[in-house]
$ cat upload.cif   # mmCIF, C-alpha atoms
data_coords
loop_
_atom_site.label_atom_id
_atom_site.label_comp_id
_atom_site.auth_asym_id
_atom_site.auth_seq_id
_atom_site.Cartn_x
_atom_site.Cartn_y
_atom_site.Cartn_z
CA MET A 245 11.73 -12.69 5.51
CA LYS A 246 8.16 -13.33 4.39
CA ASN A 247 6.70 -11.69 1.31
CA ILE A 248 3.99 -9.22 2.30
CA ILE A 249 0.57 -8.19 1.07
CA PHE A 250 -0.33 -5.03 3.00
CA LEU A 251 -4.02 -4.27 3.53
CA GLY A 252 -5.31 -1.12 5.16
CA ALA A 253 -7.48 1.92 4.65
CA PRO A 254 -6.17 5.13 3.09
CA GLY A 255 -4.00 6.69 5.81
CA SER A 256 -3.44 3.44 7.73
CA GLY A 257 0.34 3.67 7.33
CA LYS A 258 0.99 1.12 4.58
CA GLY A 259 3.36 3.46 2.73
CA THR A 260 5.25 4.45 5.87
CA HIS A 261 5.85 0.87 7.01
CA THR A 262 6.67 -0.26 3.49
CA ASN A 263 9.42 2.37 3.25
CA MET A 264 10.80 1.35 6.64
CA LEU A 265 10.94 -2.32 5.60
CA VAL A 266 12.58 -1.45 2.30
CA ASN A 267 15.28 0.56 4.09
CA GLN A 268 15.83 -2.05 6.82
CA PHE A 269 15.66 -5.32 4.94
CA GLY A 270 15.94 -4.57 1.25
CA TYR A 271 12.39 -5.50 0.33
CA ILE A 272 11.33 -4.86 -3.25
CA THR A 273 8.10 -2.89 -3.58
CA ILE A 274 5.83 -4.13 -6.35
CA SER A 275 3.50 -1.19 -6.94
CA THR A 276 0.74 -1.77 -9.48
CA GLY A 277 0.61 1.98 -10.08
CA ASP A 278 4.33 2.07 -10.89
CA LEU A 279 4.03 -1.00 -13.11
CA LEU A 280 1.32 0.70 -15.16
CA ARG A 281 3.26 3.97 -15.42
CA ASN A 282 6.46 2.20 -16.45
CA ILE A 283 4.94 0.01 -19.14
CA THR A 284 2.85 2.81 -20.68
CA ALA A 285 6.00 4.93 -20.89
CA GLY A 286 7.67 2.29 -23.07
CA ASN A 287 7.10 1.55 -26.74
CA THR A 288 5.67 -1.97 -26.46
CA GLU A 289 2.49 -3.54 -27.79
CA LEU A 290 1.21 -4.27 -24.27
CA GLY A 291 2.15 -0.78 -23.10
CA GLN A 292 0.19 0.82 -25.94
CA LYS A 293 -2.78 -1.43 -25.24
CA ILE A 294 -2.81 -0.42 -21.58
CA LYS A 295 -2.37 3.24 -22.47
CA ASN A 296 -5.41 3.11 -24.76
CA ILE A 297 -7.47 1.48 -22.01
CA MET A 298 -6.49 4.13 -19.47
CA VAL A 299 -7.05 7.03 -21.88
CA SER A 300 -10.56 5.75 -22.57
CA GLY A 301 -11.28 5.92 -18.83
CA GLU A 302 -11.73 2.17 -18.45
CA LEU A 303 -10.08 0.00 -15.80
CA VAL A 304 -7.16 -2.24 -16.70
CA SER A 305 -8.37 -5.85 -16.48
CA ASP A 306 -7.31 -8.18 -13.69
CA GLU A 307 -5.73 -10.45 -16.30
CA ILE A 308 -3.41 -7.70 -17.50
CA MET A 309 -2.54 -6.64 -13.94
CA LEU A 310 -1.65 -10.23 -13.05
CA GLU A 311 0.48 -10.48 -16.17
CA LEU A 312 2.42 -7.38 -15.10
CA ILE A 313 2.84 -8.71 -11.56
CA GLU A 314 4.05 -12.07 -12.87
CA LYS A 315 6.66 -10.39 -15.07
CA GLU A 316 7.83 -8.32 -12.11
CA LEU A 317 8.10 -11.40 -9.88
CA GLU A 318 10.29 -13.03 -12.50
CA SER A 319 12.50 -9.94 -12.71
CA ILE A 320 13.23 -9.72 -8.96
CA GLU A 321 14.46 -13.34 -8.92
CA GLY A 322 13.17 -14.48 -5.55
CA LYS A 323 13.96 -11.34 -3.52
CA PRO A 324 11.44 -10.57 -0.76
CA PHE A 325 8.69 -8.25 -1.94
CA ILE A 326 5.83 -6.09 -0.67
CA LEU A 327 2.79 -5.92 -2.94
CA ASP A 328 1.33 -2.41 -3.04
CA GLY A 329 -2.11 -1.66 -4.48
CA PHE A 330 -3.19 -5.22 -5.21
CA PRO A 331 -5.48 -7.02 -4.53
CA ARG A 332 -8.34 -4.52 -4.28
CA ASN A 333 -11.22 -7.00 -4.35
CA LEU A 334 -11.95 -10.67 -3.69
CA ALA A 335 -11.61 -11.79 -7.31
CA GLN A 336 -8.13 -10.24 -7.49
CA ALA A 337 -7.14 -11.89 -4.19
CA GLU A 338 -8.20 -15.30 -5.47
CA ALA A 339 -6.40 -14.84 -8.80
CA LEU A 340 -3.27 -13.63 -7.01
CA SER A 341 -3.27 -16.69 -4.75
CA THR A 342 -3.43 -18.89 -7.84
CA LEU A 343 -0.47 -17.06 -9.40
CA LEU A 344 1.65 -17.20 -6.24
CA GLY A 345 0.76 -20.84 -5.68
CA LYS A 346 1.82 -21.69 -9.23
CA LYS A 347 5.20 -20.13 -8.51
CA ASN A 348 5.49 -21.68 -5.01
CA ILE A 349 5.72 -18.20 -3.47
CA ASP A 350 4.67 -17.95 0.17
CA TYR A 351 3.31 -14.71 1.60
CA GLN A 352 1.74 -13.05 4.63
CA ALA A 353 -1.26 -10.72 4.43
CA ILE A 354 -1.02 -7.97 7.05
CA TYR A 355 -4.01 -5.76 7.81
CA LEU A 356 -3.20 -2.44 9.48
CA ASP A 357 -6.25 -1.68 11.61
CA VAL A 358 -6.66 2.06 12.23
CA LEU A 359 -9.66 4.12 13.40
CA GLU A 360 -11.50 5.91 10.59
CA ASN A 361 -11.03 9.36 12.13
CA THR A 362 -7.29 8.76 12.51
CA CYS A 363 -7.06 7.74 8.85
CA LYS A 364 -8.93 10.89 7.87
CA GLU A 365 -6.54 13.13 9.82
CA ARG A 366 -3.55 11.42 8.23
CA ILE A 367 -4.95 11.96 4.73
CA VAL A 368 -6.33 15.48 5.16
CA GLY A 369 -3.19 16.65 6.97
CA ARG A 370 -0.74 14.99 4.59
CA LEU A 371 1.97 16.99 2.83
CA VAL A 372 4.40 15.48 0.34
CA CYS A 373 7.86 16.41 -0.91
CA LYS A 374 9.55 15.45 -4.16
CA CYS A 375 12.35 13.83 -2.13
CA GLY A 376 9.86 11.39 -0.62
CA LYS A 377 9.95 12.48 3.04
CA PRO A 378 6.43 12.32 4.52
CA TYR A 379 4.82 15.11 6.56
CA ASN A 380 1.53 15.57 8.37
CA LEU A 381 0.06 18.66 9.98
CA PHE A 382 -1.87 16.63 12.58
CA THR A 383 1.04 14.44 13.70
CA PRO A 384 3.54 16.28 15.93
CA ASP A 385 6.62 14.28 14.90
CA LEU A 386 5.74 14.63 11.21
CA ARG A 387 5.23 18.39 11.08
CA PRO A 388 7.87 20.31 9.10
CA LYS A 389 10.15 22.50 11.19
CA LYS A 390 9.38 25.40 8.85
CA ASP A 391 5.85 25.71 7.49
CA GLY A 392 5.57 24.45 3.94
CA ILE A 393 9.28 23.59 3.60
CA CYS A 394 10.95 20.17 3.60
CA ASP A 395 13.39 19.63 6.48
CA VAL A 396 15.64 17.49 4.27
CA CYS A 397 15.92 19.15 0.87
CA GLY A 398 14.36 22.59 1.40
CA SER A 399 11.76 22.12 -1.35
CA ALA A 400 8.21 23.42 -1.09
CA LEU A 401 5.78 20.85 0.31
CA ILE A 402 2.73 19.93 -1.75
CA LYS A 403 -0.81 19.02 -0.75
CA ARG A 404 -2.43 16.60 -3.20
CA ASP A 405 -5.76 17.66 -4.69
CA ASP A 406 -7.53 14.52 -3.50
CA ASP A 407 -6.29 14.77 0.10
CA ASN A 408 -9.54 16.28 1.36
CA GLU A 409 -12.44 15.10 3.53
CA GLU A 410 -14.89 14.49 0.67
CA SER A 411 -12.43 12.42 -1.32
CA PHE A 412 -11.37 10.50 1.78
CA LYS A 413 -14.95 9.60 2.64
CA LYS A 414 -15.56 8.12 -0.81
CA ARG A 415 -12.26 6.22 -0.82
CA TYR A 416 -12.87 4.88 2.70
CA GLU A 417 -16.36 3.62 1.86
CA VAL A 418 -15.05 1.83 -1.24
CA PHE A 419 -12.20 0.37 0.79
CA ILE A 420 -14.47 -1.06 3.48
CA LYS A 421 -16.86 -2.56 0.91
CA ASN A 422 -14.09 -4.25 -1.08
CA THR A 423 -11.66 -5.22 1.67
CA GLU A 424 -13.89 -7.04 4.16
CA PRO A 425 -14.29 -10.05 1.80
CA ILE A 426 -10.51 -10.07 1.22
CA LYS A 427 -9.88 -10.17 4.98
CA VAL A 428 -12.26 -13.12 5.36
CA TYR A 429 -10.61 -14.88 2.42
CA TYR A 430 -7.06 -14.56 3.80
CA GLU A 431 -8.24 -15.44 7.30
CA GLU A 432 -9.76 -18.68 6.00
CA LEU A 433 -6.44 -19.45 4.28
CA GLY A 434 -4.59 -18.83 7.55
CA LYS A 435 -2.67 -16.01 5.87
CA LEU A 436 -4.03 -12.97 7.72
CA LYS A 437 -2.49 -11.07 10.62
CA ILE A 438 -4.36 -8.03 11.97
CA ILE A 439 -2.17 -5.41 13.63
CA ASP A 440 -3.47 -2.52 15.71
CA ALA A 441 -1.78 0.38 13.92
CA ASN A 442 -3.28 3.17 16.05
CA GLN A 443 -0.62 5.33 17.67
CA THR A 444 -1.13 6.39 21.29
CA GLU A 445 0.98 7.94 24.04
CA THR A 446 2.18 4.44 24.93
CA ARG A 447 2.20 2.89 21.43
CA THR A 448 4.48 4.53 18.91
CA ARG A 449 5.03 3.99 15.21
CA ASN A 450 8.19 2.06 16.08
CA ASP A 451 6.22 -0.24 18.40
CA ILE A 452 3.83 -1.01 15.56
CA HIS A 453 6.73 -1.57 13.21
CA GLU A 454 8.41 -3.99 15.59
CA GLU A 455 5.17 -5.98 15.70
CA ILE A 456 5.17 -6.12 11.89
CA ILE A 457 8.77 -7.35 11.93
CA GLY A 458 7.75 -10.05 14.41
CA VAL A 459 5.08 -11.25 12.00
CA ILE A 460 7.36 -11.46 8.97
CA ASN A 461 10.07 -13.20 11.00
CA ASP A 462 7.68 -15.75 12.50
#
$ encode --input "upload.cif" --output "structure tokens"
Amino acid sequence: MKNIIFLGAPGSGKGTHTNMLVNQFGYITISTGDLLRNITAGNTELGQKIKNIMVSGELVSDEIMLELIEKELESIEGKPFILDGFPRNLAQAEALSTLLGKKNIDYQAIYLDVLENTCKERIVGRLVCKCGKPYNLFTPDLRPKKDGICDVCGSALIKRDDDNEESFKKRYEVFIKNTEPIKVYYEELGKLKIIDANQTETRTRNDIHEEIIGVIND
């Protein structure tokens, strides 16, 4: 199975398809957000340095993020991985390619192409549960059977503060500005596959997922 770099707007389905691949094939998810949370929770010199940076409101440098990713790659010992949350701009994509090339790690960049309005509905209608099961008020097969209650564990569902139209608009604009150069970069490397991830009456989530599986098995 190929290692994966998922690209896609907020609400494009990256998290959903990542979870499906993890459950089906045992992929390891390398989440930059989780890496930062884990290292700042520990009592290490690097963890304290990162914590101070984050507390000050500054962004963690690309160099530090790549160092964390490299350590994580070493820890998973060659198991297939999905990179979540990185790269977010062209400079990060170029630096990541250098790192992966140094380690002789091959990968496939997959861009989930979804209409802006569909992404907005997925974000604004999203509900989350502590058990991890996803819900969405605008997607029939993702609505909870009982309003506000998880079908699996019975816990109250939560709506994140930033899952609103204003926040989505800002995040989407930033995404488009930063991601277009990344798409061009991976396309020039021959590493990009664009998948139509819009669901219709004749194209289900499983159809999209099977197409993703075809790409990583190719």
$ resolve_selection --input "upload.cif" --expression "the PyMOL selection byres ((chain A and resi 446-450) around 12)" --output "PyMOL selection string"
chain A and resi 256-258+260-261+264-265+356+383+385-386+439-445+451-457
$ residues_around --input "upload.cif" --residues "Gly277 in chain A" --least-positions-apart "4" --cutoff "12 Å" --atoms "only C-alpha atoms" --output "PyMOL selection string"
chain A and resi 273+281-284+298+304+309+312-313+327-330
$ resolve_selection --input "upload.cif" --expression "the PyMOL selection byres ((chain A and resi 415-422) around 8)" --output "list in words"
Ala253, Pro254, Arg332, Asn333, Leu334, Ser411, Phe412, Lys413, Lys414, Thr423, Glu424, Pro425 and Ile426 of chain A
$ atom_distance --input "upload.cif" --atom1 "CA of Lys377 in chain A" --atom2 "CA of Ile326 in chain A"
19.4 Å
$ closest_residue --input "upload.cif" --among "A:Leu401, A:Asp391, A:Glu410, A:Ile349" --to "Lys374 in chain A" --atoms "only C-alpha atoms"
A:Leu401
$ atom_distance --input "upload.cif" --atom1 "CA of Glu316 in chain A" --atom2 "CA of Pro378 in chain A"
26.5 Å
$ atom_distance --input "upload.cif" --atom1 "CA of Leu340 in chain A" --atom2 "CA of Ala285 in chain A"
25.0 Å
$ axis_aligned_box --input "upload.cif" --around "range 446-451 of chain A" --padding-each-side "6 Å" --output "AutoDock Vina command-line options"
--center_x 5.2 --center_y 2.1 --center_z 20.1 --size_x 18.0 --size_y 16.8 --size_z 21.7
$ closest_residue --input "upload.cif" --among "A:Ile320, A:Ile354, A:Val459, A:Cys375" --to "Leu251 in chain A" --atoms "all atoms listed in the file"
A:Ile354
$ residues_near_point --input "upload.cif" --point "(8.9, 13.2, 0.0)" --cutoff "12 Å" --atoms "only C-alpha atoms" --output "VMD selection string"
chain A and resid 259 to 260 263 370 to 380 386 388 393 to 403
$ closest_residue --input "upload.cif" --among "A:Lys347, A:Phe382, A:Leu303, A:Leu280" --to "Glu321 in chain A" --atoms "all atoms listed in the file"
A:Lys347
